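Data block below; observations after.
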Amino acid sequence: MSLRPPPIVVPGLREADPTSLLVMTQDLMSRSIVHLDGGTLADLFALSELEAELPRHLHRDLDRFAARNERELRDLPDGAPLREQLAMMAVVPPQRIPERLRRALSSLRGGHPLEAATETALAALERSWAEVAPQRPQVGKRAVAPVERPAVPPRLRMPEEEPERPQGPASKPARVPRPTPAARQDQARSDWIRQHLLARLESRREQGLKESVLVAATCHGSPYTDLQQADVLAELRELRRLGEVRHSAGRWVRVRRLGW
């Protein structure tokens with residue numbers, strides 16, 4: 001009977017755009033090899049090979065993840081733990097196993113013989129991909145549709161532009177312009193960004209979130225398809241000015257209030 005926890009399965013990694021990948025891989029980077037499904041592990045290793053297609057910081061994190069799991073793979077004791085890992089990889093289609101992971105698996109022999117059952121399982125795995133080239137992930141691009149804003153009515157005159165009115169009990173107060181539809185839409189957009197940022201940081205109150213991850217998650221989950229990194233950073237700075245969040249060592253953290 002296996003003592004491993006149920007493996008984590010994350011579909012769609014190979015086709016996701018870089019912004020989505022930042023969100024999808026956020027909790028996977030710190031996971032041990034024994035926590036991941038074989039297909040998910042293979043996909044993360046495959047993504048670590050895409051230096052040109054990914055943002056520099058995302059590729060760096062994926063490369064570190066792969067290097068750490070290569071060491072963890074070598075540290076698995078020969079016997080049931082290692083054979084269980086090989087069995088998990090055996091059900092992954094061979095074209096999905098990238099070159100880097102193939103090398104890591106083949107290096108398990110490490111110059112010394114494995115147990116007979118382990119050698120048989122590893123040799124069968126190597127035969128399965130011997131004639132099959134690894135398939136590279138097709139990193140997508142997030143489609144950005146233009147946002148149609150409602151037509152803005154002619155600008156209302158500000159109070160100081162009103163013609164002088166006779167002073168007296170019958171005079172009317174200066175007219176105060178109402179917010180235009182565009183102004184109301186911008187306020188709703190700003191409110192949504194702030195609420196989303198605070199909710200994300202509330203869920204990670206102790207350790208906070210890396211700025212790149214927080215910005216990517218906000219852009220990814222936004223109903224505004226033209227939302228840019230600069231928009232999110234501007235709202236983060238405003239929340240910091242209001243004392244709601246703080247920034248330290250590249251991470252944003254929710255400010256703890258008395259009585260929380």
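Ligands are numbered from 1 in the order shown, residues from 1 within each chain, and chains are lettered A, B, ... in the order they appear in the structure tokens.
Using only C-alpha atoms, the residues found no farther than 8 Å from segment 194-210 of chain A, other than those of its own chain fewer than 3 positions away, are Ser190, Asp191, Val213, Leu214, Thr218, Glu235, Leu236, Leu239, Gly250, Arg251, Trp252, Val253 and Arg254 of chain A.
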Which of segment 38-159 of chain A end up as alpha helix (DSSP H) when DSSP is run on this backbone - answer as JSON, numbers by chain? {"A": [38, 39, 40, 41, 42, 43, 44, 45, 46, 47, 56, 57, 58, 59, 60, 61, 62, 63, 64, 65, 66, 67, 68, 69, 70, 71, 72, 73, 74, 75, 80, 81, 82, 83, 84, 85, 86, 87, 88, 89, 90, 99, 100, 101, 102, 103, 104, 105, 106, 116, 117, 118, 119, 120, 121, 122, 123, 124, 125, 126, 127, 128, 129]}
Saved selection, atoms kept: C-alpha atoms, as a tab-separated table (two decimals), in the first residue's frame:
```
chain	number	residue	atom	x	y	z
A	38	GLY	CA	3.74	12.09	-13.41
A	39	GLY	CA	2.15	14.09	-16.24
A	40	THR	CA	2.27	17.35	-14.27
A	41	LEU	CA	5.91	16.71	-13.37
A	42	ALA	CA	6.74	16.03	-17.03
A	43	ASP	CA	4.97	19.23	-18.15
A	44	LEU	CA	6.87	21.37	-15.64
A	45	PHE	CA	10.18	19.85	-16.76
A	46	ALA	CA	9.20	20.51	-20.40
A	47	LEU	CA	8.40	24.14	-19.60
A	56	ARG	CA	12.91	35.51	-17.55
A	57	HIS	CA	11.70	35.23	-13.94
A	58	LEU	CA	9.24	32.44	-14.79
A	59	HIS	CA	11.88	30.43	-16.65
A	60	ARG	CA	14.31	30.93	-13.75
A	61	ASP	CA	11.77	29.55	-11.26
A	62	LEU	CA	10.97	26.57	-13.51
A	63	ASP	CA	14.67	25.83	-14.02
A	64	ARG	CA	15.24	25.86	-10.25
A	65	PHE	CA	12.21	23.61	-9.77
A	66	ALA	CA	13.56	21.08	-12.29
A	67	ALA	CA	17.07	21.13	-10.77
A	68	ARG	CA	15.69	20.54	-7.27
A	69	ASN	CA	13.50	17.66	-8.43
A	70	GLU	CA	16.40	16.08	-10.28
A	71	ARG	CA	18.19	15.91	-6.93
A	72	GLU	CA	15.08	14.58	-5.18
A	73	LEU	CA	14.74	11.90	-7.85
A	74	ARG	CA	18.33	10.76	-7.27
A	75	ASP	CA	17.70	10.74	-3.52
A	80	ALA	CA	9.60	0.43	-3.52
A	81	PRO	CA	9.81	4.29	-3.43
A	82	LEU	CA	11.82	4.49	-6.65
A	83	ARG	CA	9.77	1.82	-8.42
A	84	GLU	CA	6.58	3.67	-7.46
A	85	GLN	CA	7.95	6.82	-9.10
A	86	LEU	CA	8.92	4.89	-12.24
A	87	ALA	CA	5.45	3.32	-12.37
A	88	MET	CA	3.90	6.78	-12.22
A	89	MET	CA	6.07	7.92	-15.14
A	90	ALA	CA	5.29	4.77	-17.14
A	99	GLU	CA	14.64	15.37	-22.78
A	100	ARG	CA	15.69	16.84	-19.44
A	101	LEU	CA	13.48	14.45	-17.49
A	102	ARG	CA	14.60	11.50	-19.63
A	103	ARG	CA	18.23	12.25	-18.75
A	104	ALA	CA	17.35	12.56	-15.07
A	105	LEU	CA	15.60	9.18	-15.07
A	106	SER	CA	18.39	7.42	-16.99
A	116	ALA	CA	16.60	-6.20	-10.47
A	117	ALA	CA	12.96	-5.07	-10.31
A	118	THR	CA	13.98	-1.40	-10.44
A	119	GLU	CA	16.30	-1.99	-13.42
A	120	THR	CA	13.50	-3.80	-15.26
A	121	ALA	CA	11.08	-0.91	-14.68
A	122	LEU	CA	13.64	1.73	-15.76
A	123	ALA	CA	14.66	-0.20	-18.86
A	124	ALA	CA	11.01	-0.57	-19.91
A	125	LEU	CA	10.53	3.17	-19.48
A	126	GLU	CA	13.59	3.92	-21.63
A	127	ARG	CA	12.36	1.56	-24.36
A	128	SER	CA	8.99	3.32	-24.43
A	129	TRP	CA	10.56	6.64	-25.47
```
I'd like the contact shell of Pro94 of chain A - 8 Å cut-off, only C-alpha atoms, skipping same-chain residues fewer than 2 positions apart - returned as a ChimeraX atom specification. /A:92,96-97,128-129,132,134
Which residues, written as a ChimeraX atom specification, have at least one atom at most 10 Å from Gly243 of chain A, with only C-alpha atoms counted and residues fewer than 4 positions away on the same chain left out? /A:237-239,254-257
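The nearest approach to Ala188 of chain A among the residues A:Pro55, A:Pro223, A:Pro18, A:Gly111, with only C-alpha atoms taken into account, belongs to A:Pro223.
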Which residues, written as a PyMOL selection string, have at least one atom at most 7 Å from Ala133 of chain A, with only C-alpha atoms counted and residues fewer than 2 positions away on the same chain left out? chain A and resi 95+131+135
Let me see the file: selected residues, C-alpha atoms, as a PDB file, in the first residue's frame.
```pdb
ATOM      1  CA  GLN A  95       6.174  12.071 -26.228  1.00  0.00           C
ATOM      2  CA  GLU A 131      11.802   5.887 -30.835  1.00  0.00           C
ATOM      3  CA  GLN A 135       6.960  17.101 -27.845  1.00  0.00           C
TER       4      GLN A 135
END
```
